[in-house]
There are 2 protein chains.
Amino acid sequence: MSDWTLRLTKSLHQARSQPESRYFQLATLTEDLVPANRTVVFRYLDNVDNALVVVADTRSAKWSELSLQPKASVCWYFSKSREQYRFIVHGEGYTRETAPELIDKQWSKLSDAGRKQYFWGQPGSVKQSNGPLRVTEDMSHPPEHFCVLKLLIKSVDYLSLQGNPQYREKHWLDSSGKWVSQPIIP
Amino acid sequence: MSDWTLRLTKSLHQARSQPESRYFQLATLTEDLVPANRTVVFRYLDNVDNALVVVADTRSAKWSELSLQPKASVCWYFSKSREQYRFIVHGEGYTRETAPELIDKQWSKLSDAGRKQYFWGQPGSVKQSNGPLRVTEDMSHPPEHFCVLKLLIKSVDYLSLQGNPQYREKHWLDSSGKWVSQPIIP
């Protein structure tokens, strides 16, 4: 495992009782060339692909935005340890067609409340009625639009605010595919 | 004040003892057309300009990125009330030359530790020595590169995760400059 993977694992452990260990902010590019930013729920760290894994909906904006520009940016701030990770990522999308096992496994891990979100209708579209959104579908199998996003980490900009001065370090892959790092001015 | 301003004021009040009431994530566009995402410290809400105000360094990437593409995206998640605000903003930068009063006022509000950050050297450049970053400059006046960013809010995508189903609502300015809103599918 790389230096930053070990450090992130430690940050996650220290933050295990804090809500921010469960989500981070993902910025993608819209077709109007404006960044879009939202909180997404962290599922797991894939140590083989060096990827942050999240689940999503192929009808959501982030899916189409990552199809147009796979390069995106993740910001993960841990308030207790006062550490920030900024990741440049490459988003890869998986559906039932391309990765049935991955899809089934991630679906099986969702709670009922988590599954219901996939049956409320087209995300971002106008809500037609004032009534509650009801779900009557069978939720034992994932719908076609349920997908998994692997955010493959290409570089890391790490900042620790614990000391004064702060500590900041860049990590990136060299030409031989090895992780290297360099302290930089915060 | 608009509906969403009142709601944000309430969210900030409910989160007043939580660290996340003091910062949010700002995504800008790099010249390579990749989003960049980082945590910034919230200074205040400018109710006249409908703007989130932060302080920054003109030598930082966010300053040059906002000069090229002023449209940016803010994500602010409040973990206690489980509310998310996604703002499309237009970034406006102010320096000592263009807004001396605003600059002086914001500088005067910074702690010594906050001021020191502006004297460590070019942010993001290679740290040349292993020694600590020392500051010997007079910090009573702001350096030329100290700046203020007003993030003028153009639209709001509000999400509340408290209920099931969740509640999501869009707010934007109509052609007459009035705020309007519409519930949408989460």
# chains A, B, ... in the order shown; residues from 1 in each chain; ligands from 1

call {"tool": "select_by_dssp", "arguments": {"residues": "chain B", "states": "strand (DSSP E or B)", "output": "JSON, numbers by chain"}}
result
{"B": [23, 24, 25, 26, 27, 28, 29, 35, 36, 37, 38, 39, 40, 41, 44, 45, 46, 51, 52, 53, 54, 55, 56, 57, 71, 72, 73, 74, 75, 76, 77, 78, 83, 84, 85, 86, 87, 88, 89, 90, 91, 92, 93, 94, 126, 146, 147, 148, 149, 150, 151, 152, 153, 154, 155, 156, 157, 158, 159, 160, 167, 168, 169, 170, 171, 172, 173, 179, 180, 181, 182, 183, 184]}

call {"tool": "residues_around", "arguments": {"residues": "range 147-151 of chain A", "least_positions_apart": "3", "cutoff": "10 Å", "atoms": "only C-alpha atoms", "output": "JSON, numbers by chain"}}
result
{"A": [26, 43, 44, 45, 46, 49, 50, 51, 52, 53, 54, 55, 56, 57, 58, 59, 62, 63, 66, 70, 71, 72, 73, 74, 87, 88, 89, 90, 91, 92, 93, 94, 95, 96, 97, 98, 99, 100, 102, 103, 104, 106, 107, 142, 143, 144, 154]}

call {"tool": "write_last_selection", "arguments": {"atoms": "C-alpha atoms", "output": "PDB file, in the first residue's frame"}}
result
ATOM      1  CA  LEU A  26     -17.197  14.962  -5.487  1.00  0.00           C
ATOM      2  CA  ARG A  43     -18.706   2.686   0.317  1.00  0.00           C
ATOM      3  CA  TYR A  44     -15.142   1.349   0.438  1.00  0.00           C
ATOM      4  CA  LEU A  45     -11.541   1.869  -0.596  1.00  0.00           C
ATOM      5  CA  ASP A  46     -10.525  -0.506  -3.374  1.00  0.00           C
ATOM      6  CA  ASP A  49      -7.492  -0.198  -8.154  1.00  0.00           C
ATOM      7  CA  ASN A  50      -6.603   2.627  -5.699  1.00  0.00           C
ATOM      8  CA  ALA A  51     -10.210   3.731  -5.931  1.00  0.00           C
ATOM      9  CA  LEU A  52     -12.889   5.286  -3.757  1.00  0.00           C
ATOM     10  CA  VAL A  53     -16.085   3.378  -4.490  1.00  0.00           C
ATOM     11  CA  VAL A  54     -19.596   4.889  -4.423  1.00  0.00           C
ATOM     12  CA  VAL A  55     -22.984   3.787  -5.700  1.00  0.00           C
ATOM     13  CA  ALA A  56     -25.094   5.966  -7.985  1.00  0.00           C
ATOM     14  CA  ASP A  57     -27.935   6.211 -10.477  1.00  0.00           C
ATOM     15  CA  THR A  58     -27.238   6.280 -14.229  1.00  0.00           C
ATOM     16  CA  ARG A  59     -30.045   8.864 -14.516  1.00  0.00           C
ATOM     17  CA  LYS A  62     -22.849  12.806 -12.051  1.00  0.00           C
ATOM     18  CA  TRP A  63     -23.093   9.744 -14.265  1.00  0.00           C
ATOM     19  CA  LEU A  66     -18.314  11.601 -15.738  1.00  0.00           C
ATOM     20  CA  PRO A  70     -13.997  11.271 -16.464  1.00  0.00           C
ATOM     21  CA  LYS A  71     -11.505  13.453 -14.582  1.00  0.00           C
ATOM     22  CA  ALA A  72     -13.049  14.731 -11.373  1.00  0.00           C
ATOM     23  CA  SER A  73     -11.993  15.997  -7.982  1.00  0.00           C
ATOM     24  CA  VAL A  74     -12.731  14.662  -4.516  1.00  0.00           C
ATOM     25  CA  PHE A  87      -7.877  13.613  -4.883  1.00  0.00           C
ATOM     26  CA  ILE A  88      -7.739  13.984  -8.652  1.00  0.00           C
ATOM     27  CA  VAL A  89      -9.700  10.963  -9.804  1.00  0.00           C
ATOM     28  CA  HIS A  90     -10.707   9.191 -12.973  1.00  0.00           C
ATOM     29  CA  GLY A  91     -14.314   8.009 -12.757  1.00  0.00           C
ATOM     30  CA  GLU A  92     -15.245   4.577 -14.104  1.00  0.00           C
ATOM     31  CA  GLY A  93     -18.882   3.516 -14.190  1.00  0.00           C
ATOM     32  CA  TYR A  94     -20.218  -0.024 -13.837  1.00  0.00           C
ATOM     33  CA  THR A  95     -23.731  -1.305 -14.471  1.00  0.00           C
ATOM     34  CA  ARG A  96     -25.526  -4.648 -14.296  1.00  0.00           C
ATOM     35  CA  GLU A  97     -24.468  -5.214 -17.914  1.00  0.00           C
ATOM     36  CA  THR A  98     -20.765  -4.619 -17.418  1.00  0.00           C
ATOM     37  CA  ALA A  99     -20.216  -5.835 -13.837  1.00  0.00           C
ATOM     38  CA  PRO A 100     -23.144  -7.933 -12.569  1.00  0.00           C
ATOM     39  CA  LEU A 102     -20.129  -5.884  -8.308  1.00  0.00           C
ATOM     40  CA  ILE A 103     -23.633  -4.477  -8.829  1.00  0.00           C
ATOM     41  CA  ASP A 104     -25.368  -7.325  -6.980  1.00  0.00           C
ATOM     42  CA  GLN A 106     -23.324  -3.389  -3.621  1.00  0.00           C
ATOM     43  CA  TRP A 107     -27.111  -3.647  -3.925  1.00  0.00           C
ATOM     44  CA  PRO A 142     -31.324  -3.767  -8.438  1.00  0.00           C
ATOM     45  CA  PRO A 143     -33.047  -1.714 -11.146  1.00  0.00           C
ATOM     46  CA  GLU A 144     -31.197  -1.185 -14.440  1.00  0.00           C
ATOM     47  CA  LYS A 154      -4.421   9.662  -9.794  1.00  0.00           C
TER      48      LYS A 154
END

call {"tool": "closest_residue", "arguments": {"among": "A:His141, A:Lys178, A:Arg38, A:Lys170", "to": "chain B", "atoms": "only C-alpha atoms"}}
result
A:Arg38

call {"tool": "closest_atom_pairs", "arguments": {"of": "chain B", "to": "chain A", "cutoff": "6 Å", "atoms": "only C-alpha atoms", "output": "Markdown table"}}
result
| residue | atom | partner | partner_atom | distance |
| --- | --- | --- | --- | --- |
| B:Pro35 | CA | A:Pro35 | CA | 5.8 |
| B:Ala36 | CA | A:Ser73 | CA | 5.6 |
| B:Asn37 | CA | A:Cys75 | CA | 5.7 |
| B:Arg38 | CA | A:Cys75 | CA | 5.7 |
| B:Ala72 | CA | A:Pro35 | CA | 5.8 |
| B:Ser73 | CA | A:Ala36 | CA | 5.5 |
| B:Cys75 | CA | A:Arg38 | CA | 5.7 |
| B:Pro123 | CA | A:Ile185 | CA | 5.1 |
| B:Gly124 | CA | A:Ile185 | CA | 5.2 |
| B:Ser125 | CA | A:Ile184 | CA | 5.4 |
| B:Val126 | CA | A:Ile184 | CA | 4.4 |
| B:Lys127 | CA | A:Ile184 | CA | 4.5 |
| B:Pro183 | CA | A:Lys127 | CA | 5.7 |
| B:Ile184 | CA | A:Val126 | CA | 4.5 |
| B:Ile185 | CA | A:Pro123 | CA | 5.0 |
| B:Pro186 | CA | A:Pro123 | CA | 5.5 |

call {"tool": "write_last_selection", "arguments": {"atoms": "C-alpha atoms", "output": "PDB file, in the first residue's frame"}}
result
ATOM      1  CA  PRO B  35     -12.667  20.488 -11.580  1.00  0.00           C
ATOM      2  CA  ALA B  36     -10.590  21.346  -8.499  1.00  0.00           C
ATOM      3  CA  ASN B  37     -12.194  20.939  -5.073  1.00  0.00           C
ATOM      4  CA  ARG B  38     -11.109  22.196  -1.658  1.00  0.00           C
ATOM      5  CA  ALA B  72     -18.044  27.683  -9.546  1.00  0.00           C
ATOM      6  CA  SER B  73     -19.887  25.302  -7.271  1.00  0.00           C
ATOM      7  CA  CYS B  75     -21.300  22.167  -1.503  1.00  0.00           C
ATOM      8  CA  PRO B 123       1.161  28.273  -2.033  1.00  0.00           C
ATOM      9  CA  GLY B 124       1.574  24.952  -3.819  1.00  0.00           C
ATOM     10  CA  SER B 125       5.271  25.467  -4.632  1.00  0.00           C
ATOM     11  CA  VAL B 126       7.936  22.978  -3.558  1.00  0.00           C
ATOM     12  CA  LYS B 127       8.994  23.318   0.088  1.00  0.00           C
ATOM     13  CA  PRO B 183     -39.590  20.786  -5.378  1.00  0.00           C
ATOM     14  CA  ILE B 184     -37.738  18.130  -7.385  1.00  0.00           C
ATOM     15  CA  ILE B 185     -37.158  14.368  -7.160  1.00  0.00           C
ATOM     16  CA  PRO B 186     -34.216  13.678  -4.807  1.00  0.00           C
TER      17      PRO B 186
END

call {"tool": "atom_distance", "arguments": {"atom1": "CA of Val156 in chain B", "atom2": "CA of His171 in chain B"}}
result
4.9 Å

call {"tool": "select_by_dssp", "arguments": {"residues": "chain B", "states": "alpha helix (DSSP H)", "output": "NGL selection string"}}
result
:B and (3-14 or 61-68 or 100-108 or 112-116)

call {"tool": "write_last_selection", "arguments": {"atoms": "C-alpha atoms", "output": "PDB file, in the first residue's frame"}}
result
ATOM      1  CA  ASP B   3     -36.591  31.506   1.547  1.00  0.00           C
ATOM      2  CA  TRP B   4     -33.269  29.757   1.143  1.00  0.00           C
ATOM      3  CA  THR B   5     -31.390  32.508   3.020  1.00  0.00           C
ATOM      4  CA  LEU B   6     -33.691  32.053   5.996  1.00  0.00           C
ATOM      5  CA  ARG B   7     -33.225  28.294   5.812  1.00  0.00           C
ATOM      6  CA  LEU B   8     -29.432  28.578   5.587  1.00  0.00           C
ATOM      7  CA  THR B   9     -29.419  30.946   8.559  1.00  0.00           C
ATOM      8  CA  LYS B  10     -31.380  28.338  10.508  1.00  0.00           C
ATOM      9  CA  SER B  11     -29.036  25.521   9.409  1.00  0.00           C
ATOM     10  CA  LEU B  12     -26.041  27.600  10.505  1.00  0.00           C
ATOM     11  CA  HIS B  13     -27.680  28.272  13.857  1.00  0.00           C
ATOM     12  CA  GLN B  14     -28.436  24.572  14.416  1.00  0.00           C
ATOM     13  CA  ALA B  61      -4.971  28.242  -7.708  1.00  0.00           C
ATOM     14  CA  LYS B  62      -8.549  29.199  -6.815  1.00  0.00           C
ATOM     15  CA  TRP B  63      -7.868  32.872  -7.591  1.00  0.00           C
ATOM     16  CA  SER B  64      -6.524  32.181 -11.090  1.00  0.00           C
ATOM     17  CA  GLU B  65      -9.156  29.509 -11.711  1.00  0.00           C
ATOM     18  CA  LEU B  66     -11.985  31.923 -10.849  1.00  0.00           C
ATOM     19  CA  SER B  67     -10.384  34.540 -13.126  1.00  0.00           C
ATOM     20  CA  LEU B  68     -10.669  32.126 -16.071  1.00  0.00           C
ATOM     21  CA  PRO B 100      -9.203  48.594   0.520  1.00  0.00           C
ATOM     22  CA  GLU B 101     -11.876  48.827   3.225  1.00  0.00           C
ATOM     23  CA  LEU B 102     -13.129  45.267   2.726  1.00  0.00           C
ATOM     24  CA  ILE B 103      -9.531  43.978   2.669  1.00  0.00           C
ATOM     25  CA  ASP B 104      -8.523  45.842   5.834  1.00  0.00           C
ATOM     26  CA  LYS B 105     -11.628  44.735   7.688  1.00  0.00           C
ATOM     27  CA  GLN B 106     -11.180  41.062   6.820  1.00  0.00           C
ATOM     28  CA  TRP B 107      -7.464  41.199   7.644  1.00  0.00           C
ATOM     29  CA  SER B 108      -8.249  42.742  11.032  1.00  0.00           C
ATOM     30  CA  ASP B 112      -2.136  35.654  14.144  1.00  0.00           C
ATOM     31  CA  ALA B 113      -2.111  32.016  13.015  1.00  0.00           C
ATOM     32  CA  GLY B 114      -4.451  32.946  10.162  1.00  0.00           C
ATOM     33  CA  ARG B 115      -2.229  35.845   9.095  1.00  0.00           C
ATOM     34  CA  LYS B 116       0.954  33.760   9.151  1.00  0.00           C
TER      35      LYS B 116
END

call {"tool": "decode", "arguments": {"residues": "range 24-59 of chain A", "atoms": "C-alpha atoms", "output": "CSV table (one decimal), in the first residue's frame"}}
result
chain,number,residue,atom,x,y,z
A,24,PHE,CA,-16.9,13.2,0.8
A,25,GLN,CA,-17.5,15.8,-1.8
A,26,LEU,CA,-17.2,15.0,-5.5
A,27,ALA,CA,-16.8,17.7,-8.1
A,28,THR,CA,-17.5,16.8,-11.8
A,29,LEU,CA,-17.7,19.0,-14.9
A,30,THR,CA,-21.0,19.8,-16.5
A,31,GLU,CA,-21.4,20.2,-20.3
A,32,ASP,CA,-21.6,24.0,-19.8
A,33,LEU,CA,-18.0,23.8,-18.4
A,34,VAL,CA,-19.1,24.7,-14.9
A,35,PRO,CA,-18.1,22.4,-12.0
A,36,ALA,CA,-20.8,20.6,-10.1
A,37,ASN,CA,-20.2,19.6,-6.5
A,38,ARG,CA,-22.1,17.3,-4.2
A,39,THR,CA,-21.7,15.0,-1.2
A,40,VAL,CA,-21.6,11.3,-1.9
A,41,VAL,CA,-21.6,8.3,0.4
A,42,PHE,CA,-18.3,6.5,0.6
A,43,ARG,CA,-18.7,2.7,0.3
A,44,TYR,CA,-15.1,1.3,0.4
A,45,LEU,CA,-11.5,1.9,-0.6
A,46,ASP,CA,-10.5,-0.5,-3.4
A,47,ASN,CA,-6.8,-1.2,-2.6
A,48,VAL,CA,-6.3,-3.0,-5.9
A,49,ASP,CA,-7.5,-0.2,-8.2
A,50,ASN,CA,-6.6,2.6,-5.7
A,51,ALA,CA,-10.2,3.7,-5.9
A,52,LEU,CA,-12.9,5.3,-3.8
A,53,VAL,CA,-16.1,3.4,-4.5
A,54,VAL,CA,-19.6,4.9,-4.4
A,55,VAL,CA,-23.0,3.8,-5.7
A,56,ALA,CA,-25.1,6.0,-8.0
A,57,ASP,CA,-27.9,6.2,-10.5
A,58,THR,CA,-27.2,6.3,-14.2
A,59,ARG,CA,-30.0,8.9,-14.5
